[in-house]
Amino acid sequence: MHSLILLLLAVIALILQTTVVNFIAVNGVKPDLVMFFIIIFGFLRNAGEGAFWGFSAGLLEDLFVGNYIGLNAISKLTAGYLAGLAGSKFYRENRLIAAVVTLLASIAGLVVYYLLLLYLNIFIPFFYAFLRVILPVSIYTACLVPLLYKRFAVFETRRGFYDL
C-alpha cells in the first residue's frame with residue numbers, strides 16, 4: 001500500500017511539473033518537482049530506495065515527456081542514490097541539511113543528464129548549461145525544502161519507517 005501511495009505521489013509530481021510549475025517559472029527556470037520528490041524520499045529512507053524511486057519516476061517522466069528514454073531515469077537514479085547515502089550520514093531532522101542535500105544531489109543528477117546528452121552527441125557548452133540550467137534549477141528545487149520537507153517527513157513517520 002505504501003508503494004502505491006509513493007507511486008501516486010510521483011505521478012502527481014510529474015503532472016504538476018508539466019502543468020502548474022510553468023506558472024511559477026522565474027526567467028524560464030522552474031523547480032524540478034520529480035527530482036525534489038526523489039531526493040527527499042531517498043534522503044528520508046536509504047540509497048537503495050532512493051535509486052529505485054529515482055529510476056522509476058525518471059522512467060515515468062521519460063515515457064510521458066522525454067525524447068530519449070532513459071535520460072531522466074539514470075539521472076534521477078543518481079540523485080536518489082546520492083540523497084540516500086547522505087541521509088544515512090547526516091541528521092535528517094534539519095531542514096538546512098535537507099536543502100543542501102537537495103541542492104547537491106540535484107546538481108549531480110543534472111550533471112549526469114548533461115553527460116548523457118554529450119554521449120548522444122548533443123553538445124551544449126558546459127558553463128552555459130551549468131550556469132543557465134543546472135545551478136538555477138537546483139537552487140530553485142532546494143528552495144522548496146523549507147516549504148515541503150516537513151510534510152514528507154511526517155508522512156514517513158506515520159508509515160513507521162522513520163522516527164522524527
# chains A, B, ... in the order shown; residues from 1 in each chain; ligands from 1

call {"tool": "closest_atom_pairs", "arguments": {"of": "stretch 73-142 of chain A", "to": "stretch 54-61 of chain A", "cutoff": "8 Å", "atoms": "only C-alpha atoms", "output": "tab-separated table"}}
result
residue	atom	partner	partner_atom	distance
A:Ala73	CA	A:Gly58	CA	3.7
A:Ile74	CA	A:Phe55	CA	6.2
A:Ser75	CA	A:Gly58	CA	7.6
A:Lys76	CA	A:Gly54	CA	4.6
A:Leu77	CA	A:Gly54	CA	4.1
A:Thr78	CA	A:Gly54	CA	7.4
A:Ala79	CA	A:Gly54	CA	7.1
A:Gly80	CA	A:Gly54	CA	5.2
A:Tyr81	CA	A:Gly54	CA	7.7

call {"tool": "write_last_selection", "arguments": {"atoms": "N, CA and C atoms", "output": "tab-separated table (two decimals), in the first residue's frame"}}
result
chain	number	residue	atom	x	y	z
A	73	ALA	N	15.66	8.71	-16.21
A	73	ALA	CA	15.74	7.55	-15.32
A	73	ALA	C	17.13	7.43	-14.70
A	74	ILE	N	18.16	7.55	-15.51
A	74	ILE	CA	19.52	7.39	-15.00
A	74	ILE	C	19.94	8.60	-14.16
A	75	SER	N	19.58	9.80	-14.61
A	75	SER	CA	19.98	10.99	-13.85
A	75	SER	C	19.25	11.06	-12.50
A	76	LYS	N	18.00	10.70	-12.47
A	76	LYS	CA	17.25	10.75	-11.21
A	76	LYS	C	17.62	9.56	-10.30
A	77	LEU	N	17.99	8.44	-10.89
A	77	LEU	CA	18.53	7.33	-10.12
A	77	LEU	C	19.77	7.79	-9.36
A	78	THR	N	20.65	8.51	-10.04
A	78	THR	CA	21.87	9.03	-9.42
A	78	THR	C	21.54	9.96	-8.26
A	79	ALA	N	20.62	10.89	-8.49
A	79	ALA	CA	20.25	11.85	-7.44
A	79	ALA	C	19.62	11.15	-6.25
A	80	GLY	N	18.74	10.20	-6.48
A	80	GLY	CA	18.10	9.47	-5.39
A	80	GLY	C	19.10	8.64	-4.59
A	81	TYR	N	20.04	8.02	-5.29
A	81	TYR	CA	21.05	7.22	-4.61
A	81	TYR	C	21.94	8.09	-3.73

call {"tool": "residues_around", "arguments": {"residues": "A:Val65", "least_positions_apart": "6", "cutoff": "10 Å", "atoms": "only C-alpha atoms", "output": "list in words"}}
result
Leu14, Thr18, Leu59 and Asn72 of chain A

call {"tool": "write_last_selection", "arguments": {"atoms": "C-alpha atoms", "output": "compact mmCIF listing (two decimals), in the first residue's frame"}}
result
# COMPACT_ATOMS: atom_id res chain seq x y z
CA LEU A 14 5.02 14.67 -12.77
CA THR A 18 4.33 19.58 -16.67
CA LEU A 59 11.43 6.39 -16.41
CA ASN A 72 15.75 11.08 -16.73

call {"tool": "select_by_dssp", "arguments": {"residues": "stretch 79-159 of chain A", "states": "alpha helix (DSSP H)", "output": "ChimeraX atom specification"}}
result
/A:79-89,95-119,126-129,135-142,145-158

call {"tool": "closest_residue", "arguments": {"among": "A:Leu82, A:Val11, A:Ile69, A:Leu120", "to": "A:Asn46", "atoms": "only C-alpha atoms"}}
result
A:Leu82

call {"tool": "atom_distance", "arguments": {"atom1": "atom CA of A:Tyr114", "atom2": "atom CA of A:Arg92"}}
result
29.0 Å

call {"tool": "residues_around", "arguments": {"residues": "A:Leu85", "least_positions_apart": "2", "cutoff": "12 Å", "atoms": "only C-alpha atoms", "output": "PyMOL selection string"}}
result
chain A and resi 39-51+78-83+87-92+101+105

call {"tool": "atom_distance", "arguments": {"atom1": "atom CA of A:Asn27", "atom2": "atom CA of A:Leu103"}}
result
19.1 Å
